[in-house]
$ cat run36.tsv   # TSV, C-alpha atoms
chain	number	residue	atom	x	y	z
S	1	MET	CA	-15.01	145.32	17.12
S	2	PRO	CA	-12.40	148.10	17.16
S	3	TYR	CA	-13.05	149.67	13.73
S	4	HIS	CA	-16.25	151.35	12.64
S	5	PHE	CA	-17.26	153.00	9.38
S	6	ARG	CA	-20.38	153.90	7.40
S	7	CYS	CA	-21.10	152.75	3.86
S	8	PHE	CA	-24.31	152.16	1.85
S	9	GLY	CA	-26.24	153.81	4.69
S	10	LEU	CA	-25.12	151.00	7.02
S	11	HIS	CA	-22.97	151.01	10.14
S	12	PHE	CA	-20.13	148.48	9.78
S	13	ALA	CA	-18.03	147.15	12.66
S	14	SER	CA	-14.88	145.35	11.58
S	15	GLU	CA	-11.97	143.42	13.05
S	16	LEU	CA	-9.90	144.75	10.13
S	17	PRO	CA	-8.90	148.39	9.59
S	18	PHE	CA	-9.72	150.02	6.26
S	19	SER	CA	-7.88	153.22	5.39
S	20	GLU	CA	-10.53	154.01	2.76
S	21	PHE	CA	-12.95	155.03	5.49
S	22	PHE	CA	-12.80	157.63	8.19
S	23	ALA	CA	-12.90	155.95	11.59
S	24	GLU	CA	-16.08	156.64	13.52
S	25	ASP	CA	-16.91	156.16	17.17
S	26	LYS	CA	-20.22	154.35	16.94
S	27	SER	CA	-20.23	152.66	20.33
S	28	HIS	CA	-23.54	154.36	21.11
S	29	SER	CA	-25.38	153.10	18.02
S	30	ASP	CA	-26.49	149.77	16.68
S	31	VAL	CA	-24.25	147.84	14.29
S	32	ASP	CA	-25.82	146.78	10.99
S	33	VAL	CA	-22.97	144.63	9.64
S	34	ALA	CA	-20.11	142.85	11.44
S	35	ILE	CA	-16.94	141.82	9.56
S	36	HIS	CA	-14.94	139.00	11.15
S	37	CYS	CA	-11.87	136.94	10.32
S	38	GLY	CA	-12.30	133.25	11.07
S	39	GLU	CA	-13.33	129.86	9.77
S	40	THR	CA	-16.09	129.62	7.18
S	41	PRO	CA	-17.98	126.62	5.84
S	42	ILE	CA	-16.16	124.80	3.05
S	43	HIS	CA	-19.47	124.27	1.26
S	44	LEU	CA	-23.16	125.07	1.85
S	45	PRO	CA	-25.24	121.88	1.83
S	46	ALA	CA	-28.45	121.96	-0.23
S	47	SER	CA	-27.42	125.20	-1.91
S	48	ARG	CA	-27.49	126.48	-5.47
S	49	GLN	CA	-24.21	127.14	-7.28
S	50	LEU	CA	-22.94	129.87	-9.58
S	51	GLN	CA	-19.56	129.66	-11.33
S	52	GLN	CA	-17.74	132.80	-12.50
S	53	PRO	CA	-14.09	133.35	-13.47
S	54	TYR	CA	-11.96	132.79	-10.32
S	55	GLN	CA	-15.13	132.85	-8.21
S	56	TYR	CA	-17.40	130.06	-7.04
S	57	TRP	CA	-20.68	130.94	-5.36
S	58	GLU	CA	-23.01	128.81	-3.24
S	59	GLY	CA	-26.25	130.21	-1.88
S	60	LYS	CA	-29.49	129.43	-0.12
S	61	THR	CA	-31.94	131.55	1.84
S	62	GLY	CA	-30.00	134.05	3.95
S	63	GLU	CA	-26.60	132.47	3.26
S	64	CYS	CA	-23.99	133.02	0.56
S	65	LEU	CA	-20.51	131.53	0.33
S	66	LEU	CA	-17.97	133.00	-2.09
S	67	THR	CA	-14.73	131.13	-2.77
S	68	VAL	CA	-12.11	133.15	-4.62
S	69	GLN	CA	-9.26	131.05	-5.99
S	70	ASP	CA	-6.02	131.56	-4.01
S	71	VAL	CA	-7.51	134.50	-2.09
S	72	ALA	CA	-10.18	133.69	0.50
S	73	ARG	CA	-13.63	132.39	1.33
S	74	TYR	CA	-16.29	134.97	2.23
S	75	TYR	CA	-19.36	133.81	4.15
S	76	ILE	CA	-22.21	136.34	4.03
S	77	VAL	CA	-25.22	135.72	6.29
S	78	ASN	CA	-28.60	137.49	6.51
S	79	GLY	CA	-27.16	140.77	5.27
S	80	ASN	CA	-25.56	141.49	8.64
S	81	SER	CA	-22.39	139.40	8.86
S	82	ILE	CA	-19.33	138.70	6.69
S	83	THR	CA	-16.75	136.16	7.82
S	84	ILE	CA	-13.46	136.06	5.90
S	85	GLN	CA	-11.16	133.04	5.86
S	86	PRO	CA	-8.05	134.21	3.96
S	87	ASN	CA	-5.61	132.05	2.08
S	88	PRO	CA	-2.37	132.31	4.14
S	89	HIS	CA	-0.46	133.60	1.11
S	90	ALA	CA	-3.09	136.03	-0.19
S	91	HIS	CA	-2.06	139.65	-0.62
S	92	PRO	CA	-4.15	142.01	1.59
S	93	ASP	CA	-5.11	144.10	-1.45
S	94	TYR	CA	-6.81	141.08	-3.01
S	95	LEU	CA	-8.72	140.40	0.23
S	96	ARG	CA	-10.03	143.97	0.22
S	97	LEU	CA	-10.78	143.94	-3.51
S	98	PHE	CA	-13.20	141.00	-3.28
S	99	LEU	CA	-14.62	142.14	0.06
S	100	PHE	CA	-15.45	145.61	-1.28
S	101	GLY	CA	-16.74	144.13	-4.54
S	102	SER	CA	-18.36	140.70	-4.68
S	103	ALA	CA	-18.91	140.17	-0.94
S	104	PHE	CA	-20.47	143.60	-0.46
S	105	GLY	CA	-22.61	142.94	-3.54
S	106	ALA	CA	-23.97	139.74	-1.95
S	107	LEU	CA	-24.59	141.57	1.32
S	108	LEU	CA	-26.59	144.30	-0.46
S	109	HIS	CA	-28.69	141.73	-2.31
S	110	GLN	CA	-29.46	139.99	0.97
S	111	ARG	CA	-30.58	143.30	2.48
S	112	GLY	CA	-32.97	143.96	-0.42
S	113	TYR	CA	-31.04	146.69	-2.23
S	114	LEU	CA	-30.74	146.90	-6.01
S	115	PRO	CA	-26.96	147.32	-6.45
S	116	LEU	CA	-26.16	148.86	-9.83
S	117	HIS	CA	-22.75	148.34	-11.42
S	118	GLY	CA	-21.95	152.00	-11.82
S	119	SER	CA	-20.53	155.19	-10.36
S	120	ALA	CA	-22.67	157.98	-8.94
S	121	VAL	CA	-22.40	161.69	-8.21
S	122	GLN	CA	-24.80	164.10	-6.59
S	123	MET	CA	-25.77	166.95	-8.90
S	124	PRO	CA	-26.42	170.53	-7.67
S	125	ASP	CA	-30.15	169.96	-7.19
S	126	GLY	CA	-29.37	167.16	-4.71
S	127	ARG	CA	-30.34	164.26	-6.95
S	128	ALA	CA	-28.07	161.42	-8.01
S	129	ALA	CA	-26.77	160.72	-11.50
S	130	VAL	CA	-25.55	157.14	-11.96
S	131	PHE	CA	-23.18	156.15	-14.78
S	132	LEU	CA	-23.51	152.57	-16.02
S	133	GLY	CA	-21.42	150.61	-18.47
S	134	LYS	CA	-19.30	147.56	-19.13
S	135	PRO	CA	-15.78	147.41	-17.64
S	136	GLY	CA	-13.65	149.99	-19.42
S	137	ALA	CA	-16.61	152.07	-20.58
S	138	GLY	CA	-15.40	155.02	-18.50
S	139	LYS	CA	-17.99	155.26	-15.73
S	140	SER	CA	-15.44	155.81	-12.92
S	141	THR	CA	-13.49	158.29	-15.05
S	142	LEU	CA	-16.57	160.32	-15.93
S	143	ALA	CA	-17.78	160.41	-12.33
S	144	ALA	CA	-14.31	161.49	-11.14
S	145	ALA	CA	-14.20	164.26	-13.76
S	146	LEU	CA	-17.59	165.57	-12.61
S	147	CYS	CA	-16.38	165.52	-9.00
S	148	LEU	CA	-13.33	167.57	-9.97
S	149	ARG	CA	-15.77	170.16	-11.34
S	150	GLY	CA	-17.43	170.45	-7.94
S	151	HIS	CA	-20.15	167.78	-7.96
S	152	THR	CA	-20.43	165.62	-4.86
S	153	PRO	CA	-19.07	162.05	-5.17
S	154	LEU	CA	-21.39	159.30	-3.98
S	155	SER	CA	-20.07	155.90	-5.05
S	156	ASP	CA	-17.86	153.94	-7.41
S	157	ASP	CA	-18.42	150.50	-8.93
S	158	ILE	CA	-21.43	149.67	-6.70
S	159	SER	CA	-24.31	152.16	-6.53
S	160	PRO	CA	-27.12	150.64	-4.44
S	161	LEU	CA	-30.78	151.71	-4.64
S	162	ARG	CA	-33.71	151.23	-2.28
S	163	LYS	CA	-37.32	152.34	-2.14
S	164	ASP	CA	-38.61	154.18	0.92
S	165	ALA	CA	-42.05	153.65	2.47
S	166	GLY	CA	-43.56	156.15	0.04
S	167	GLY	CA	-42.08	154.42	-3.00
S	168	ALA	CA	-39.35	157.00	-3.74
S	169	LEU	CA	-36.03	155.65	-5.05
S	170	TRP	CA	-32.84	156.57	-3.17
S	171	MET	CA	-29.18	156.06	-4.05
S	172	TYR	CA	-26.96	155.23	-1.06
S	173	PRO	CA	-23.33	156.44	-0.84
S	174	GLY	CA	-20.77	153.70	-1.28
S	175	LEU	CA	-17.01	153.38	-1.26
S	176	PRO	CA	-15.31	156.81	-1.05
S	177	GLN	CA	-12.88	156.18	-3.92
S	178	HIS	CA	-12.62	155.81	-7.71
S	179	LYS	CA	-10.61	153.18	-9.63
S	180	LEU	CA	-8.78	154.84	-12.53
S	181	GLY	CA	-6.10	153.81	-15.01
S	182	GLN	CA	-2.76	155.59	-15.18
S	183	LYS	CA	-3.54	157.23	-18.54
S	184	LEU	CA	-6.77	158.68	-17.24
S	185	LEU	CA	-5.16	159.93	-14.03
S	186	THR	CA	-2.77	161.85	-16.26
S	187	GLU	CA	-5.66	163.19	-18.33
S	188	LEU	CA	-7.25	164.45	-15.11
S	189	CYS	CA	-3.90	166.09	-14.19
S	190	LEU	CA	-3.39	163.73	-11.23
S	191	ASP	CA	-0.12	162.04	-10.26
S	192	PRO	CA	-0.28	158.22	-10.01
S	193	ALA	CA	2.63	158.38	-7.53
S	194	THR	CA	0.28	159.96	-4.96
S	195	THR	CA	-2.34	157.19	-5.22
S	196	ARG	CA	-2.50	153.52	-4.24
S	197	LYS	CA	-2.70	150.64	-6.72
S	198	VAL	CA	-5.89	148.60	-6.76
S	199	ARG	CA	-3.82	145.41	-6.61
S	200	PRO	CA	-0.25	144.34	-7.42
S	201	GLY	CA	0.71	144.11	-11.08
S	202	VAL	CA	-2.25	146.15	-12.39
S	203	GLU	CA	-1.85	149.76	-13.54
S	204	LYS	CA	-5.09	150.90	-11.94
S	205	TYR	CA	-5.21	153.22	-8.96
S	206	PHE	CA	-7.56	154.31	-6.19
S	207	LEU	CA	-8.46	158.00	-6.19
S	208	SER	CA	-9.87	159.10	-2.84
S	209	MET	CA	-13.24	160.85	-3.12
S	210	VAL	CA	-12.72	163.82	-0.81
S	211	GLY	CA	-15.97	165.35	0.41
S	212	SER	CA	-18.06	162.33	-0.53
S	213	GLY	CA	-21.70	162.35	0.48
S	214	LEU	CA	-22.83	160.50	3.58
S	215	MET	CA	-26.60	160.75	3.17
S	216	PRO	CA	-28.72	158.99	0.51
S	217	ALA	CA	-29.76	161.06	-2.49
S	218	PRO	CA	-32.96	160.76	-4.54
S	219	LEU	CA	-32.28	159.04	-7.84
S	220	GLY	CA	-32.50	161.49	-10.73
S	221	MET	CA	-31.16	159.88	-13.91
S	222	LEU	CA	-29.18	156.94	-15.28
S	223	TYR	CA	-26.56	157.27	-18.02
S	224	GLU	CA	-25.36	154.26	-20.01
S	225	LEU	CA	-21.86	154.74	-21.43
S	226	LYS	CA	-21.19	153.04	-24.78
S	227	PRO	CA	-17.75	153.30	-26.43
S	228	SER	CA	-18.34	153.47	-30.19
S	229	ASP	CA	-16.70	154.35	-33.50
S	230	THR	CA	-18.12	157.88	-33.37
S	231	THR	CA	-15.68	160.79	-33.57
S	232	LYS	CA	-17.45	162.91	-30.97
S	233	VAL	CA	-19.60	162.55	-27.86
S	234	GLU	CA	-23.22	161.79	-28.76
S	235	MET	CA	-26.23	161.52	-26.50
S	236	ASP	CA	-29.35	159.51	-27.26
S	237	ILE	CA	-31.80	161.45	-25.13
S	238	MET	CA	-34.92	159.98	-26.71
S	239	PRO	CA	-36.94	158.05	-24.11
S	240	PHE	CA	-36.47	154.30	-24.29
S	241	GLN	CA	-39.44	151.95	-24.16
S	242	ASN	CA	-40.05	150.32	-20.78
S	243	ILE	CA	-38.81	146.94	-21.96
S	244	THR	CA	-35.58	148.51	-23.23
S	245	GLN	CA	-35.06	150.34	-19.95
S	246	LEU	CA	-35.68	147.09	-18.08
S	247	GLU	CA	-33.01	145.38	-20.19
S	248	ILE	CA	-30.53	148.20	-19.49
S	249	VAL	CA	-31.08	148.14	-15.73
S	250	THR	CA	-30.90	144.33	-15.64
S	251	ARG	CA	-27.69	144.35	-17.69
S	252	HIS	CA	-26.04	146.72	-15.24
S	253	THR	CA	-27.16	145.15	-11.98
S	254	TYR	CA	-24.14	144.21	-9.88
S	255	ARG	CA	-23.92	140.42	-9.50
S	256	ALA	CA	-27.43	139.92	-10.85
S	257	GLY	CA	-26.87	136.16	-10.72
S	258	LEU	CA	-26.98	136.30	-6.92
S	259	ALA	CA	-30.57	137.46	-7.09
S	260	LEU	CA	-31.70	135.40	-10.07
S	261	GLN	CA	-29.82	132.13	-9.55
S	262	LEU	CA	-29.07	132.06	-5.83
S	263	GLY	CA	-32.28	133.72	-4.63
S	264	GLN	CA	-30.55	136.31	-2.44
S	265	ASN	CA	-32.89	139.27	-3.11
S	266	ALA	CA	-36.67	138.93	-2.84
S	267	ASN	CA	-37.07	142.62	-3.73
S	268	TYR	CA	-35.02	142.36	-6.93
S	269	LEU	CA	-37.76	142.16	-9.57
S	270	PRO	CA	-40.05	144.85	-8.04
S	271	LEU	CA	-37.07	147.21	-7.74
S	272	LEU	CA	-36.02	146.53	-11.33
S	273	GLY	CA	-39.51	147.38	-12.49
S	274	ALA	CA	-39.68	150.57	-10.43
S	275	VAL	CA	-36.38	151.86	-11.82
S	276	ALA	CA	-37.20	150.91	-15.42
S	277	ASN	CA	-40.64	152.51	-15.31
S	278	ARG	CA	-39.80	155.74	-13.50
S	279	VAL	CA	-36.16	156.77	-14.02
S	280	PRO	CA	-34.99	158.48	-17.26
S	281	ILE	CA	-32.08	156.75	-18.99
S	282	THR	CA	-29.75	158.53	-21.43
S	283	ARG	CA	-27.27	156.63	-23.59
S	284	ILE	CA	-23.91	158.34	-24.11
S	285	LYS	CA	-21.85	157.27	-27.11
S	286	ARG	CA	-18.25	158.35	-26.77
S	287	PRO	CA	-15.24	157.80	-29.06
S	288	ARG	CA	-13.72	154.41	-28.41
S	289	GLU	CA	-10.07	155.47	-28.62
S	290	THR	CA	-9.66	159.11	-27.64
S	291	TRP	CA	-12.79	160.50	-26.08
S	292	SER	CA	-12.91	164.14	-25.02
S	293	LEU	CA	-13.60	163.98	-21.31
S	294	PRO	CA	-14.28	167.73	-20.87
S	295	ALA	CA	-16.75	167.63	-23.77
S	296	CYS	CA	-18.57	164.67	-22.23
S	297	VAL	CA	-18.78	166.38	-18.83
S	298	GLU	CA	-20.14	169.55	-20.43
S	299	ARG	CA	-22.76	167.57	-22.36
S	300	ILE	CA	-23.94	165.88	-19.16
S	301	GLU	CA	-24.22	169.17	-17.30
S	302	ALA	CA	-26.11	170.68	-20.24
S	303	ASP	CA	-28.37	167.63	-20.44
S	304	TRP	CA	-29.13	167.93	-16.73
S	305	GLN	CA	-30.03	171.61	-17.16
S	306	GLN	CA	-32.13	170.92	-20.25
S	307	ALA	CA	-34.08	168.29	-18.36
S	308	GLY	CA	-35.00	170.98	-15.84
S	309	THR	CA	-33.19	169.37	-12.93
S	310	LEU	CA	-30.95	172.29	-11.96

$ encode --input "run36.tsv" --output "structure tokens"
Amino acid sequence: MPYHFRCFGLHFASELPFSEFFAEDKSHSDVDVAIHCGETPIHLPASRQLQQPYQYWEGKTGECLLTVQDVARYYIVNGNSITIQPNPHAHPDYLRLFLFGSAFGALLHQRGYLPLHGSAVQMPDGRAAVFLGKPGAGKSTLAAALCLRGHTPLSDDISPLRKDAGGALWMYPGLPQHKLGQKLLTELCLDPATTRKVRPGVEKYFLSMVGSGLMPAPLGMLYELKPSDTTKVEMDIMPFQNITQLEIVTRHTYRAGLALQLGQNANYLPLLGAVANRVPITRIKRPRETWSLPACVERIEADWQQAGTL
């Protein structure tokens, strides 16, 4: 395998180059995950199925097959191997998009992580703040804005958690880039011409996360972003009940169906419970149309200080 990189605390060896990652010479260390190009099964016999828009999943213990219409099949095995069989006419950006998203999500579930659908930054005290929300809620934008104010970027889109032997929760650095729309790049005073599109025909761009963290960070707080009809940024900092926190964490688990319906993560429910019972969650309501990004960033920094975490 000629290309090596580190992501999610794992050492990847790949037949394909990825410009998102700095190349590393890891010939002296063990490989955690190998990425190949080659033939995959067409179907998994005796498996359970999960249908999503443009995606068809089949899974059984230790195996997961993702078929993406007109793009590729991704065969993920035992959390240590991904085989990609591309459609001959698929654009490379689409291959990467589903590899870095859905396929990596399946891999993390197989390895016993709890992958949250959110973006994370490391705050000055060393702990991680993770921003959750539905697509378009602004989690990538908010994380990018915090990073531009000097906070350390950790991940975008997928923020995976694990417990250590002592029961502490850790957030592992993910992809070193943010996905932002053209309007928000402009709001952050960044030029879309200097960035790369996520995929053809979509006005969304990758923003490289320079200086991103490489080591896991202890999980400090979760923020749920909710666009609303309010005219200013509001924070609901009252503690939620455990059942409400459990609902929030479940709602924002990345590809939760892989764990629940395909049985790809035996640690899923205990990890959900640990996060819901022990990690503070703050709900941020921001104006639906024109939200003040600087005001939201300032409120988060003030909230972090008020909580005694700085």

$ atom_distance --input "run36.tsv" --atom1 "atom CA of Gly112 of chain S" --atom2 "atom CA of Asn267 of chain S"
5.4 Å

$ atom_distance --input "run36.tsv" --atom1 "atom CA of Leu258 of chain S" --atom2 "atom CA of Ala168 of chain S"
24.3 Å

$ residues_around --input "run36.tsv" --residues "segment 268-270 of chain S" --least-positions-apart "3" --cutoff "10 Å" --atoms "all atoms listed in the file" --output "list in words"
His109, Gln110, Gly112, Tyr113, Leu114, Pro115, Lys163, Thr250, Thr253, Ala256, Ala259, Leu260, Gly263, Gln264, Asn265, Gly273, Ala274, Val275 and Ala276 of chain S

$ residues_around --input "run36.tsv" --residues "segment 141-156 of chain S" --least-positions-apart "2" --cutoff "6 Å" --atoms "only C-alpha atoms" --output "PDB file with C-alpha atoms, in the frame of the given file"
ATOM      1  CA  SER S 119     -20.530 155.190 -10.360  1.00  0.00           C
ATOM      2  CA  ALA S 120     -22.670 157.980  -8.940  1.00  0.00           C
ATOM      3  CA  VAL S 121     -22.400 161.690  -8.210  1.00  0.00           C
ATOM      4  CA  GLN S 122     -24.800 164.100  -6.590  1.00  0.00           C
ATOM      5  CA  MET S 123     -25.770 166.950  -8.900  1.00  0.00           C
ATOM      6  CA  GLY S 138     -15.400 155.020 -18.500  1.00  0.00           C
ATOM      7  CA  LYS S 139     -17.990 155.260 -15.730  1.00  0.00           C
ATOM      8  CA  ILE S 158     -21.430 149.670  -6.700  1.00  0.00           C
ATOM      9  CA  SER S 159     -24.310 152.160  -6.530  1.00  0.00           C
ATOM     10  CA  PRO S 173     -23.330 156.440  -0.840  1.00  0.00           C
ATOM     11  CA  GLY S 174     -20.770 153.700  -1.280  1.00  0.00           C
ATOM     12  CA  LEU S 175     -17.010 153.380  -1.260  1.00  0.00           C
ATOM     13  CA  HIS S 178     -12.620 155.810  -7.710  1.00  0.00           C
ATOM     14  CA  SER S 212     -18.060 162.330  -0.530  1.00  0.00           C
ATOM     15  CA  GLY S 213     -21.700 162.350   0.480  1.00  0.00           C
TER      16      GLY S 213
END

$ closest_residue --input "run36.tsv" --among "S:Gln177, S:Gln49, S:Gln69, S:Thr244" --to "Pro86 of chain S" --atoms "all atoms listed in the file"
S:Gln69

$ atom_distance --input "run36.tsv" --atom1 "atom CA of Val68 of chain S" --atom2 "atom CA of Asp157 of chain S"
19.0 Å

$ residues_around --input "run36.tsv" --residues "Glu298 of chain S" --least-positions-apart "4" --cutoff "12 Å" --atoms "all atoms listed in the file" --output "mmCIF file with C-alpha atoms, in the frame of the given file"
data_model
loop_
_atom_site.group_PDB
_atom_site.id
_atom_site.type_symbol
_atom_site.label_atom_id
_atom_site.label_comp_id
_atom_site.auth_asym_id
_atom_site.auth_seq_id
_atom_site.Cartn_x
_atom_site.Cartn_y
_atom_site.Cartn_z
ATOM 1 C CA LEU S 142 -16.570 160.320 -15.930
ATOM 2 C CA ALA S 145 -14.200 164.260 -13.760
ATOM 3 C CA LEU S 146 -17.590 165.570 -12.610
ATOM 4 C CA ARG S 149 -15.770 170.160 -11.340
ATOM 5 C CA VAL S 233 -19.600 162.550 -27.860
ATOM 6 C CA GLU S 234 -23.220 161.790 -28.760
ATOM 7 C CA MET S 235 -26.230 161.520 -26.500
ATOM 8 C CA SER S 292 -12.910 164.140 -25.020
ATOM 9 C CA LEU S 293 -13.600 163.980 -21.310
ATOM 10 C CA PRO S 294 -14.280 167.730 -20.870
ATOM 11 C CA ALA S 302 -26.110 170.680 -20.240
ATOM 12 C CA ASP S 303 -28.370 167.630 -20.440
ATOM 13 C CA TRP S 304 -29.130 167.930 -16.730
ATOM 14 C CA GLN S 305 -30.030 171.610 -17.160
#

$ residues_around --input "run36.tsv" --residues "Ser14 of chain S" --least-positions-apart "5" --cutoff "8 Å" --atoms "all atoms listed in the file" --output "PyMOL selection string"
chain S and resi 1-4+34-36

$ closest_residue --input "run36.tsv" --among "S:Gln85, S:Thr61, S:Gln245, S:Gln51" --to "Leu99 of chain S" --atoms "only C-alpha atoms"
S:Gln85

$ residues_around --input "run36.tsv" --residues "Pro287 of chain S" --least-positions-apart "2" --cutoff "7 Å" --atoms "all atoms listed in the file" --output "PyMOL selection string"
chain S and resi 227-233+285+289-291

$ closest_residue --input "run36.tsv" --among "S:Gln55, S:Ser29, S:Thr83, S:Asn78" --to "Leu16 of chain S" --atoms "all atoms listed in the file"
S:Thr83

$ closest_residue --input "run36.tsv" --among "S:Leu262, S:Leu108, S:Leu225, S:Val130" --to "Val279 of chain S" --atoms "only C-alpha atoms"
S:Val130

$ closest_residue --input "run36.tsv" --among "S:Lys226, S:Val77, S:Gly136, S:Ile281" --to "Glu247 of chain S" --atoms "all atoms listed in the file"
S:Ile281
